$ cat model_31.txt   # compact mmCIF, C-alpha atoms
# COMPACT_ATOMS: atom_id res chain seq x y z
CA MET A 1 54.12 28.69 0.02
CA VAL A 2 50.84 28.98 -1.81
CA ILE A 3 50.78 25.20 -2.30
CA GLN A 4 51.45 24.66 1.40
CA LEU A 5 48.64 27.02 2.32
CA LYS A 6 46.30 25.26 -0.06
CA ALA A 7 47.23 21.92 1.41
CA LEU A 8 46.66 23.23 4.91
CA CYS A 9 43.25 24.56 3.92
CA LEU A 10 42.39 21.22 2.35
CA ILE A 11 43.43 19.27 5.42
CA THR A 12 41.44 21.62 7.65
CA LEU A 13 38.42 21.27 5.41
CA LEU A 14 38.65 17.50 5.42
CA ALA A 15 39.03 17.45 9.19
CA VAL A 16 36.05 19.73 9.68
CA SER A 17 33.86 17.81 7.26
CA SER A 18 34.72 14.44 8.78
CA CYS A 19 33.91 15.82 12.26
CA ALA A 20 30.65 17.15 10.91
CA THR A 21 29.63 13.81 9.43
CA LYS A 22 30.54 12.02 12.64
CA GLN A 23 28.43 14.33 14.75
CA THR A 24 25.20 14.19 12.76
CA SER A 25 23.51 10.90 13.40
CA LEU A 26 20.26 9.97 11.68
CA TYR A 27 18.65 10.60 15.07
CA ASP A 28 19.88 14.21 15.03
CA SER A 29 19.07 14.70 11.35
CA ILE A 30 15.39 13.93 11.82
CA GLY A 31 15.10 16.19 14.86
CA GLY A 32 15.94 14.06 17.89
CA GLN A 33 13.75 12.73 20.68
CA SER A 34 10.63 14.76 20.00
CA LYS A 35 10.54 13.46 16.41
CA VAL A 36 11.08 9.88 17.59
CA GLU A 37 8.13 10.21 19.97
CA GLN A 38 5.99 11.79 17.29
CA ILE A 39 6.71 8.87 14.93
CA VAL A 40 5.89 6.32 17.64
CA ASP A 41 2.66 8.13 18.60
CA ASN A 42 1.54 8.25 14.97
CA PHE A 43 2.53 4.62 14.48
CA ILE A 44 0.40 3.50 17.44
CA GLU A 45 -2.51 5.47 16.05
CA GLU A 46 -2.07 3.80 12.64
CA LEU A 47 -1.93 0.36 14.27
CA GLN A 48 -5.15 0.97 16.13
CA PHE A 49 -6.99 1.79 12.92
CA ASP A 50 -5.66 -1.15 10.92
CA GLN A 51 -7.94 -4.17 11.12
CA SER A 52 -5.32 -6.71 10.12
CA ILE A 53 -2.58 -5.46 12.46
CA TYR A 54 -4.53 -4.27 15.50
CA PRO A 55 -5.27 -7.79 16.83
CA TYR A 56 -1.52 -8.28 17.41
CA PHE A 57 -1.52 -5.33 19.77
CA ALA A 58 -4.96 -5.70 21.33
CA ASP A 59 -3.59 -7.11 24.60
CA SER A 60 -0.48 -4.93 24.75
CA ASN A 61 0.23 -2.38 27.42
CA ILE A 62 0.28 0.67 25.17
CA ASP A 63 2.38 2.83 27.53
CA ARG A 64 5.07 0.19 27.81
CA PHE A 65 4.98 -0.43 24.05
CA LYS A 66 5.39 3.28 23.42
CA GLU A 67 8.33 3.60 25.80
CA LYS A 68 10.15 0.53 24.50
CA MET A 69 9.54 1.29 20.86
CA SER A 70 10.83 4.86 21.33
CA GLU A 71 13.97 3.49 22.96
CA HIS A 72 14.39 0.92 20.20
CA LEU A 73 13.87 3.40 17.38
CA CYS A 74 16.18 5.93 19.04
CA MET A 75 18.89 3.31 19.53
CA SER A 76 18.51 1.94 15.99
CA ILE A 77 19.13 5.35 14.43
CA LYS A 78 22.16 6.06 16.63
CA GLY A 79 20.47 8.24 19.21
CA PRO A 80 21.66 8.50 22.83
CA CYS A 81 19.34 5.78 24.15
CA GLU A 82 19.56 2.28 25.44
CA TYR A 83 16.89 -0.27 24.60
CA THR A 84 15.77 -1.91 27.81
CA GLY A 85 13.03 -4.14 26.46
CA ASP A 86 12.99 -7.83 25.55
CA SER A 87 14.78 -9.05 22.44
CA MET A 88 12.96 -8.76 19.12
CA VAL A 89 12.62 -12.56 18.99
CA GLN A 90 11.12 -12.69 22.51
CA VAL A 91 8.66 -9.92 21.72
CA HIS A 92 7.42 -11.45 18.46
CA SER A 93 7.83 -15.17 18.96
CA SER A 94 4.26 -16.00 19.96
CA MET A 95 2.68 -13.71 17.37
CA ASN A 96 3.05 -15.83 14.25
CA ILE A 97 3.65 -12.82 12.01
CA ASN A 98 3.73 -13.46 8.26
CA GLU A 99 5.29 -11.49 5.43
CA THR A 100 2.04 -9.71 4.51
CA ASP A 101 1.56 -8.41 8.05
CA PHE A 102 5.20 -7.38 8.27
CA ASN A 103 4.97 -5.40 5.03
CA THR A 104 1.63 -3.86 6.07
CA THR A 105 3.28 -2.73 9.30
CA VAL A 106 6.14 -1.18 7.32
CA ASP A 107 3.51 0.68 5.26
CA LEU A 108 1.94 1.94 8.51
CA LEU A 109 5.33 3.08 9.76
CA ILE A 110 5.85 4.98 6.52
CA LYS A 111 2.46 6.68 7.04
CA ALA A 112 3.45 7.51 10.63
CA MET A 113 6.72 9.05 9.48
CA THR A 114 5.03 11.00 6.68
CA LYS A 115 2.52 12.42 9.19
CA ALA A 116 5.46 13.41 11.39
CA ASN A 117 6.95 15.26 8.40
CA VAL A 118 10.03 13.06 8.25
CA GLU A 119 11.81 13.71 4.96
CA HIS A 120 11.52 10.93 2.35
CA ARG A 121 15.26 10.20 2.39
CA HIS A 122 15.37 9.98 6.18
CA GLN A 123 12.36 7.65 6.08
CA ASN A 124 14.29 5.27 3.83
CA GLN A 125 17.31 5.36 6.14
CA ILE A 126 15.13 4.65 9.16
CA LEU A 127 13.51 1.74 7.31
CA LYS A 128 16.93 0.42 6.40
CA HIS A 129 17.93 0.35 10.08
CA LEU A 130 14.65 -1.10 11.37
CA THR A 131 14.10 -3.76 8.72
CA LYS A 132 17.40 -5.37 9.72
CA TYR A 133 15.31 -7.00 12.45
CA ARG A 134 12.94 -8.63 9.95
CA LYS A 135 14.39 -12.09 10.51
CA GLU A 136 13.80 -11.71 14.24
CA ILE A 137 10.14 -10.80 13.68
CA ILE A 138 8.47 -12.94 10.98
CA TYR A 139 7.72 -16.66 10.75
CA LEU A 140 8.98 -17.42 14.24
CA MET B 1 -11.75 -4.15 -37.79
CA LYS B 2 -8.75 -5.73 -36.13
CA ASN B 3 -7.97 -2.47 -34.40
CA LYS B 4 -11.50 -2.31 -33.12
CA GLN B 5 -11.25 -5.79 -31.68
CA ARG B 6 -8.00 -4.95 -29.97
CA ASN B 7 -9.40 -1.77 -28.49
CA HIS B 8 -12.46 -3.58 -27.30
CA CYS B 9 -10.28 -6.15 -25.57
CA LEU B 10 -8.19 -3.40 -24.00
CA TYR B 11 -11.19 -1.51 -22.66
CA THR B 12 -12.61 -4.70 -21.20
CA LEU B 13 -9.34 -5.41 -19.43
CA LEU B 14 -9.05 -1.86 -18.14
CA PHE B 15 -12.65 -1.94 -16.99
CA PHE B 16 -12.00 -5.04 -14.91
CA THR B 17 -8.80 -3.51 -13.64
CA PHE B 18 -10.61 -0.54 -12.22
CA VAL B 19 -13.78 -2.26 -11.07
CA ILE B 20 -12.41 -5.33 -9.35
CA THR B 21 -10.23 -4.00 -6.60
CA GLU B 22 -9.08 -5.63 -3.45
CA ALA B 23 -11.33 -8.68 -3.41
CA ILE B 24 -8.79 -11.43 -2.89
CA ALA B 25 -6.25 -8.66 -2.91
CA GLY B 26 -2.63 -9.49 -2.81
CA SER B 27 -1.07 -6.24 -1.68
CA GLY B 28 1.51 -7.39 0.81
CA LYS B 29 4.56 -5.87 -0.89
CA LEU B 30 5.80 -2.35 -0.37
CA LEU B 31 4.61 0.27 -2.84
CA ALA B 32 6.81 0.53 -5.94
CA THR B 33 8.72 -2.65 -5.14
CA SER B 34 6.76 -4.93 -7.46
CA GLY B 35 8.24 -3.30 -10.53
CA ILE B 36 6.18 -2.85 -13.69
CA THR B 37 5.54 -5.03 -16.75
CA GLN B 38 8.03 -5.51 -19.56
CA ILE B 39 7.17 -5.92 -23.24
CA GLU B 40 7.11 -9.72 -23.13
CA GLY B 41 4.60 -9.76 -20.26
CA SER B 42 6.90 -10.50 -17.32
CA GLY B 43 7.26 -8.47 -14.17
CA GLY B 44 10.27 -6.24 -14.71
CA GLY B 45 11.31 -2.93 -16.09
CA GLY B 46 10.09 -1.84 -19.51
CA ILE B 47 12.20 -4.06 -21.77
CA VAL B 48 13.99 -6.32 -19.27
CA PRO B 49 12.43 -9.08 -17.13
CA TRP B 50 13.42 -8.79 -13.46
CA ALA B 51 13.73 -11.40 -10.75
CA THR B 52 10.70 -9.92 -9.02
CA ILE B 53 7.40 -11.79 -9.24
CA ALA B 54 4.76 -9.56 -10.87
CA GLY B 55 2.15 -7.90 -8.67
CA TYR B 56 2.06 -6.99 -5.01
CA GLY B 57 1.22 -10.47 -3.71
CA SER B 58 3.43 -11.63 -0.85
CA LYS B 59 4.39 -15.15 0.19
CA ASP B 60 0.81 -15.78 1.34
CA GLU B 61 -1.03 -14.17 -1.57
CA ILE B 62 -1.93 -14.31 -5.26
CA SER B 63 -1.98 -11.25 -7.44
CA ALA B 64 -2.93 -10.77 -11.09
CA SER B 65 -2.39 -7.79 -13.37
CA ALA B 66 -3.21 -6.72 -16.89
CA PHE B 67 -1.11 -4.35 -18.93
CA TYR B 68 -0.95 -2.49 -22.19
CA SER B 69 2.15 -1.05 -23.85
CA GLN B 70 2.61 1.02 -26.93
CA ALA B 71 5.82 2.18 -28.59
CA ASN B 72 5.59 4.71 -31.38
CA LEU B 73 8.67 4.62 -33.57
CA ASP B 74 9.55 6.39 -36.80
CA ASP B 75 8.61 3.49 -39.07
CA TYR B 76 6.84 1.07 -36.75
CA ARG B 77 4.38 0.87 -33.90
CA LEU B 78 4.42 -1.86 -31.28
CA HIS B 79 1.34 -2.71 -29.20
CA VAL B 80 1.48 -5.23 -26.41
CA LEU B 81 -1.53 -6.43 -24.48
CA GLY B 82 -1.22 -9.03 -21.77
CA ALA B 83 -1.73 -10.29 -18.28
CA ASN B 84 0.26 -12.03 -15.61
CA ILE B 85 -0.34 -13.72 -12.31
CA GLY B 86 2.03 -13.95 -9.35
CA LEU B 87 1.51 -16.97 -7.11
CA TYR B 88 2.78 -16.70 -3.53
CA ASP B 89 5.68 -14.48 -4.59
CA ARG B 90 7.24 -17.63 -6.01
CA LEU B 91 5.82 -18.39 -9.46
CA GLU B 92 4.78 -16.00 -12.21
CA LEU B 93 2.80 -16.95 -15.31
CA SER B 94 2.20 -14.51 -18.14
CA VAL B 95 0.78 -14.15 -21.59
CA ALA B 96 1.32 -11.24 -23.95
CA LYS B 97 0.26 -10.48 -27.48
CA GLN B 98 2.63 -8.27 -29.44
CA THR B 99 1.41 -6.54 -32.58
CA PHE B 100 4.05 -4.86 -34.66
CA ASP B 101 2.61 -2.46 -37.22
CA LEU B 102 4.82 -1.65 -40.18
CA THR B 103 3.45 1.85 -40.49
CA SER B 104 5.79 2.89 -43.32
CA LEU B 105 5.71 -0.32 -45.36
CA GLY B 106 2.20 -1.47 -44.47
CA GLY B 107 1.23 -4.76 -42.85
CA GLU B 108 1.67 -6.18 -39.38
CA ILE B 109 3.39 -8.98 -37.52
CA GLU B 110 1.89 -10.62 -34.48
CA GLN B 111 3.30 -12.96 -31.86
CA THR B 112 2.05 -14.41 -28.60
CA ILE B 113 4.46 -14.89 -25.72
CA TYR B 114 3.83 -17.34 -22.91
CA GLY B 115 6.07 -16.75 -19.91
CA ALA B 116 6.90 -18.52 -16.68
CA LYS B 117 9.27 -17.40 -13.96
CA VAL B 118 10.28 -19.03 -10.69
CA LYS B 119 11.97 -17.28 -7.81
CA VAL B 120 14.86 -19.41 -6.63
CA TYR B 121 16.38 -17.23 -3.94
CA GLY B 122 15.90 -14.20 -1.77
CA ASP B 123 13.78 -11.15 -1.28
CA VAL B 124 14.35 -8.13 -3.48
CA ILE B 125 14.60 -5.80 -0.46
CA TYR B 126 15.41 -7.86 2.58
CA SER B 127 17.81 -10.63 1.67
CA GLN B 128 21.51 -9.97 1.82
CA TRP B 129 22.07 -11.06 -1.79
CA PRO B 130 19.83 -10.06 -4.71
CA GLN B 131 16.60 -11.90 -5.44
CA LEU B 132 17.29 -14.53 -8.09
CA SER B 133 14.81 -16.02 -10.58
CA VAL B 134 14.85 -18.18 -13.68
CA GLY B 135 12.31 -17.88 -16.47
CA ILE B 136 11.27 -18.72 -20.00
CA HIS B 137 9.52 -16.87 -22.81
CA HIS B 138 7.91 -19.14 -25.36
CA LYS B 139 7.06 -17.18 -28.49
CA GLU B 140 4.62 -18.15 -31.24
CA LEU B 141 4.88 -16.10 -34.37
CA LYS B 142 1.67 -15.65 -36.33
CA HIS B 143 2.86 -14.02 -39.52
CA PRO B 144 5.91 -15.88 -40.82
CA LEU B 145 6.14 -14.23 -44.27
CA ILE B 146 8.41 -11.32 -43.35
CA ALA B 147 10.63 -13.49 -41.12
CA ARG B 148 11.00 -15.96 -44.00
CA ALA B 149 11.75 -13.23 -46.53
CA LEU B 150 14.51 -11.86 -44.27
CA GLY B 151 16.15 -15.27 -43.91
CA ALA B 152 15.06 -16.48 -40.47
CA LYS B 153 15.71 -20.16 -39.82
CA ASN B 154 12.58 -20.82 -37.79
CA THR B 155 9.48 -18.78 -38.55
CA SER B 156 6.94 -20.37 -36.24
CA SER B 157 8.19 -20.41 -32.65
CA GLY B 158 11.15 -20.01 -30.33
CA THR B 159 11.90 -20.21 -26.63
CA ASP B 160 14.13 -17.91 -24.58
CA PHE B 161 15.59 -18.87 -21.20
CA TYR B 162 16.77 -16.30 -18.69
CA VAL B 163 18.23 -15.80 -15.25
CA ALA B 164 17.64 -12.49 -13.46
CA ALA B 165 19.06 -10.93 -10.30
CA THR B 166 17.37 -7.88 -8.78
CA LYS B 167 18.07 -5.82 -5.66
CA VAL B 168 16.39 -2.86 -4.01
CA ASN B 169 18.71 -1.00 -1.64
CA LEU B 170 16.93 1.12 0.95
CA GLY B 171 18.33 4.62 1.31
CA PHE B 172 21.30 3.69 -0.85
CA LEU B 173 21.80 6.89 -2.86
CA TYR B 174 21.75 9.98 -0.62
CA GLY B 175 18.85 8.38 1.19
CA TYR B 176 16.93 7.43 -1.96
CA ASN B 177 15.97 3.82 -2.57
CA THR B 178 17.60 2.31 -5.62
CA VAL B 179 16.95 -0.77 -7.72
CA TRP B 180 19.29 -2.63 -10.04
CA ASN B 181 18.75 -5.69 -12.16
CA ILE B 182 20.88 -7.85 -14.38
CA THR B 183 19.48 -10.52 -16.67
CA GLY B 184 21.24 -13.12 -18.80
CA ARG B 185 19.18 -14.55 -21.64
CA PHE B 186 19.67 -17.42 -24.06
CA SER B 187 17.77 -16.61 -27.22
CA LYS B 188 17.55 -17.14 -30.97
CA GLY B 189 14.95 -14.39 -31.44
CA ASN B 190 15.39 -11.77 -34.15
CA GLU B 191 13.86 -8.49 -32.90
CA LEU B 192 12.33 -10.37 -29.93
CA GLY B 193 11.09 -13.08 -32.32
CA LEU B 194 8.96 -10.76 -34.46
CA LEU B 195 11.40 -11.49 -37.31
CA GLY B 196 11.62 -15.19 -36.51
CA PHE B 197 14.35 -17.18 -34.79
CA GLY B 198 17.94 -17.69 -35.88
CA SER B 199 19.15 -17.76 -39.46
CA SER B 200 20.97 -20.16 -41.73
CA ALA B 201 24.25 -18.60 -40.55
CA GLU B 202 23.34 -18.48 -36.83
CA LYS B 203 21.46 -21.55 -35.72
CA ASP B 204 22.53 -21.65 -32.08
CA TYR B 205 21.33 -19.96 -28.95
CA GLN B 206 23.17 -16.79 -28.05
CA PHE B 207 23.83 -15.43 -24.59
CA LEU B 208 22.63 -11.85 -24.20
CA LEU B 209 22.93 -9.42 -21.30
CA GLU B 210 20.22 -7.09 -20.12
CA ALA B 211 20.30 -4.58 -17.27
CA SER B 212 18.25 -1.94 -15.50
CA VAL B 213 19.03 0.68 -12.87
CA GLY B 214 16.52 2.92 -11.16
CA VAL B 215 16.08 5.46 -8.40
CA LEU B 216 12.85 5.81 -6.43
CA LEU B 217 12.50 9.56 -6.06
CA SER B 218 9.50 9.22 -3.77
CA ARG B 219 6.95 6.52 -2.91
CA HIS B 220 5.24 7.29 -6.23
CA TRP B 221 7.88 8.28 -8.77
CA ALA B 222 10.82 6.34 -10.13
CA ILE B 223 13.31 7.04 -12.89
CA GLY B 224 15.76 4.71 -14.54
CA LEU B 225 17.71 3.36 -17.47
CA GLU B 226 17.59 0.04 -19.25
CA TYR B 227 19.75 -1.85 -21.68
CA ARG B 228 19.01 -4.97 -23.68
CA GLN B 229 21.62 -6.68 -25.82
CA LYS B 230 20.28 -8.13 -29.09
CA PRO B 231 21.70 -10.61 -31.55
CA ASP B 232 22.21 -9.90 -35.24
CA ASN B 233 21.39 -13.25 -36.77
CA LEU B 234 19.92 -11.84 -39.99
CA GLY B 235 22.81 -9.49 -40.80
CA LEU B 236 20.44 -6.50 -40.73
CA LYS B 237 22.52 -4.57 -38.17
CA GLU B 238 19.98 -5.31 -35.40
CA ASP B 239 20.86 -2.92 -32.57
CA ASP B 240 20.93 -3.27 -28.80
CA TRP B 241 18.06 -1.44 -27.14
CA VAL B 242 18.23 1.27 -24.49
CA ASP B 243 15.58 3.32 -22.77
CA ALA B 244 15.22 5.96 -20.08
CA PHE B 245 12.00 5.78 -18.11
CA VAL B 246 9.83 7.66 -15.64
CA ALA B 247 7.33 5.55 -13.72
CA TYR B 248 4.36 6.87 -11.76
CA LEU B 249 2.91 4.50 -9.17
CA PRO B 250 0.05 6.32 -7.43
CA ASN B 251 -1.10 3.19 -5.58
CA LYS B 252 -0.81 -0.59 -5.64
CA GLU B 253 -3.56 -0.92 -8.24
CA PHE B 254 -2.17 1.09 -11.12
CA SER B 255 1.08 2.27 -12.63
CA LEU B 256 2.01 4.32 -15.65
CA THR B 257 5.45 4.31 -17.25
CA LEU B 258 6.72 6.59 -19.96
CA ALA B 259 10.04 5.83 -21.61
CA TRP B 260 12.20 7.26 -24.32
CA ALA B 261 13.37 4.21 -26.23
CA LYS B 262 16.32 4.09 -28.60
CA LEU B 263 15.80 0.92 -30.60
CA GLY B 264 18.28 1.60 -33.41
CA THR B 265 18.02 -0.21 -36.71
CA ILE B 266 15.02 -2.53 -37.10
CA ALA B 267 14.76 -4.60 -40.29
CA GLY B 268 16.91 -2.15 -42.19
CA ALA B 269 15.08 0.99 -41.04
CA LYS B 270 17.54 3.13 -39.09
CA LYS B 271 17.17 5.23 -35.94
CA GLN B 272 13.95 3.83 -34.57
CA ASP B 273 13.53 6.05 -31.53
CA GLY B 274 10.32 6.95 -29.84
CA LEU B 275 8.04 7.15 -26.88
CA PHE B 276 7.07 4.01 -25.11
CA LEU B 277 4.10 3.97 -22.74
CA THR B 278 3.07 1.15 -20.39
CA MET B 279 -0.02 0.95 -18.18
CA THR B 280 -0.31 -1.83 -15.62
CA GLY B 281 -3.45 -2.41 -13.59
CA LYS B 282 -4.16 -4.89 -10.87
CA LEU B 283 -6.95 -7.39 -11.58
CA TRP B 284 -6.98 -8.88 -8.10
$ encode --input "model_31.txt" --output "structure tokens"
Amino acid sequence: MVIQLKALCLITLLAVSSCATKQTSLYDSIGGQSKVEQIVDNFIEELQFDQSIYPYFADSNIDRFKEKMSEHLCMSIKGPCEYTGDSMVQVHSSMNINETDFNTTVDLLIKAMTKANVEHRHQNQILKHLTKYRKEIIYL
Amino acid sequence: MKNKQRNHCLYTLLFFTFVITEAIAGSGKLLATSGITQIEGSGGGGIVPWATIAGYGSKDEISASAFYSQANLDDYRLHVLGANIGLYDRLELSVAKQTFDLTSLGGEIEQTIYGAKVKVYGDVIYSQWPQLSVGIHHKELKHPLIARALGAKNTSSGTDFYVAATKVNLGFLYGYNTVWNITGRFSKGNELGLLGFGSSAEKDYQFLLEASVGVLLSRHWAIGLEYRQKPDNLGLKEDDWVDAFVAYLPNKEFSLTLAWAKLGTIAGAKKQDGLFLTMTGKLW
């Protein structure tokens, strides 16, 4: 009887914990939409102050960039969004981005996340999701 | 007098390190992903060369660094002073001077190590498989007397060949970035070559395994463990080496690593444990 009870408890625990892990996406862990927007806002600010990266964005429509990047970030970290912009290759193909600029931009994103008080471990997980697109961004 | 010369050289190097900053600056890699400098002058951990090319230079950049290491053991003290240059994140050239003070017995042994490493595949963070490099360490021993007395076959020079695979995994361990490295080395070196190369009983190259694992606790702090297999050509119970390290990387110009090294028996003297400190500074 005791063993059965224990087993039942264990099964319940496992069920609860697996539900819990399923429900918390990275998007939720960092604080949802407002945090995503905060990161994107900070990122745009960082871009504007970086002499080597700013030229890539000089002719961009900042409002559109902000909207699409928020969607893209949200989608990449399993938030409830759909990315409606052009493909990563389309967006970056005429920019001739090299490895140095890519890595500088990652550094700027880290700064943007730090300013938005995103926890170090969540920053790494976000980077892991976003840098999957590296091949679709550099040396096109 | 010798000590004075060495210190003078060190201060000069450090001076340049701090004064010349980002002139032709190669800084295109992510902070803490360039690794540090190992005791033979190559980009790596503390005692193991990694597949990473030294410095923060990316595919479009050149980056040079100088470093100084000191290990204080019970009966010995090892100083290493050197520099390396990373060319386009593809080729690394290095030179290091090791001075091994026999603090208990008196005297010193010196060797110069010329290194070259070529990246053959990948990117330590972004490629699917680990970054892969091949390299050599050519060692020229200056004081052959002790090596000869202990029965080394060659007491003037030796060359090691190695293959290294290194991978950084973003957010791998509860969200922390991790790094692992495995290196296979062909060597005849006794105690890195400080006690000569091979012996009358062991003339051939031996295959030795080396490994490192690390966790990046933040953008500026990393901890890890290293292991380096060693041969025992001279029959002096030469031990494998292990260390546990803490690295502080405040920026892309400077890093400081403190390790607890367990180097075992060296030339008959047992339990050579001690602190091992490495400073690496960017030259350009």
$ interface_residues --input "model_31.txt" --of "chain B" --to "chain A" --cutoff "7 Å" --atoms "all atoms listed in the file" --output "list in words"
Gly28, Lys29, Leu30, Ser58, Lys59, Asp60, Leu170, Gly171, Gly175, Tyr176, Asn177 and Ser218 of chain B
$ write_last_selection --input "model_31.txt" --atoms "C-alpha atoms" --output "PDB file, keeping the file's coordinate frame"
ATOM      1  CA  GLY B  28       1.510  -7.390   0.810  1.00  0.00           C
ATOM      2  CA  LYS B  29       4.560  -5.870  -0.890  1.00  0.00           C
ATOM      3  CA  LEU B  30       5.800  -2.350  -0.370  1.00  0.00           C
ATOM      4  CA  SER B  58       3.430 -11.630  -0.850  1.00  0.00           C
ATOM      5  CA  LYS B  59       4.390 -15.150   0.190  1.00  0.00           C
ATOM      6  CA  ASP B  60       0.810 -15.780   1.340  1.00  0.00           C
ATOM      7  CA  LEU B 170      16.930   1.120   0.950  1.00  0.00           C
ATOM      8  CA  GLY B 171      18.330   4.620   1.310  1.00  0.00           C
ATOM      9  CA  GLY B 175      18.850   8.380   1.190  1.00  0.00           C
ATOM     10  CA  TYR B 176      16.930   7.430  -1.960  1.00  0.00           C
ATOM     11  CA  ASN B 177      15.970   3.820  -2.570  1.00  0.00           C
ATOM     12  CA  SER B 218       9.500   9.220  -3.770  1.00  0.00           C
TER      13      SER B 218
END
$ residues_around --input "model_31.txt" --residues "Val89 (chain A)" --least-positions-apart "2" --cutoff "7 Å" --atoms "only C-alpha atoms" --output "PDB file with C-alpha atoms, keeping the file's coordinate frame"
ATOM      1  CA  SER A  87      14.780  -9.050  22.440  1.00  0.00           C
ATOM      2  CA  VAL A  91       8.660  -9.920  21.720  1.00  0.00           C
ATOM      3  CA  HIS A  92       7.420 -11.450  18.460  1.00  0.00           C
ATOM      4  CA  SER A  93       7.830 -15.170  18.960  1.00  0.00           C
ATOM      5  CA  GLU A 136      13.800 -11.710  14.240  1.00  0.00           C
ATOM      6  CA  ILE A 137      10.140 -10.800  13.680  1.00  0.00           C
TER       7      ILE A 137
END
$ atom_distance --input "model_31.txt" --atom1 "CA of Lys153 (chain B)" --atom2 "CA of Gly189 (chain B)"
10.2 Å
$ residues_around --input "model_31.txt" --residues "Val215 (chain B)" --least-positions-apart "6" --cutoff "9 Å" --atoms "all atoms listed in the file" --output "ChimeraX atom specification"
/B:173,176-180,221-224
$ write_last_selection --input "model_31.txt" --atoms "C-alpha atoms" --output "PDB file, in the coordinates of the input"
ATOM      1  CA  LEU B 173      21.800   6.890  -2.860  1.00  0.00           C
ATOM      2  CA  TYR B 176      16.930   7.430  -1.960  1.00  0.00           C
ATOM      3  CA  ASN B 177      15.970   3.820  -2.570  1.00  0.00           C
ATOM      4  CA  THR B 178      17.600   2.310  -5.620  1.00  0.00           C
ATOM      5  CA  VAL B 179      16.950  -0.770  -7.720  1.00  0.00           C
ATOM      6  CA  TRP B 180      19.290  -2.630 -10.040  1.00  0.00           C
ATOM      7  CA  TRP B 221       7.880   8.280  -8.770  1.00  0.00           C
ATOM      8  CA  ALA B 222      10.820   6.340 -10.130  1.00  0.00           C
ATOM      9  CA  ILE B 223      13.310   7.040 -12.890  1.00  0.00           C
ATOM     10  CA  GLY B 224      15.760   4.710 -14.540  1.00  0.00           C
TER      11      GLY B 224
END
$ closest_residue --input "model_31.txt" --among "B:Glu238, B:Glu61, B:Asp74, B:Asp243" --to "Leu105 (chain B)" --atoms "only C-alpha atoms"
B:Asp74
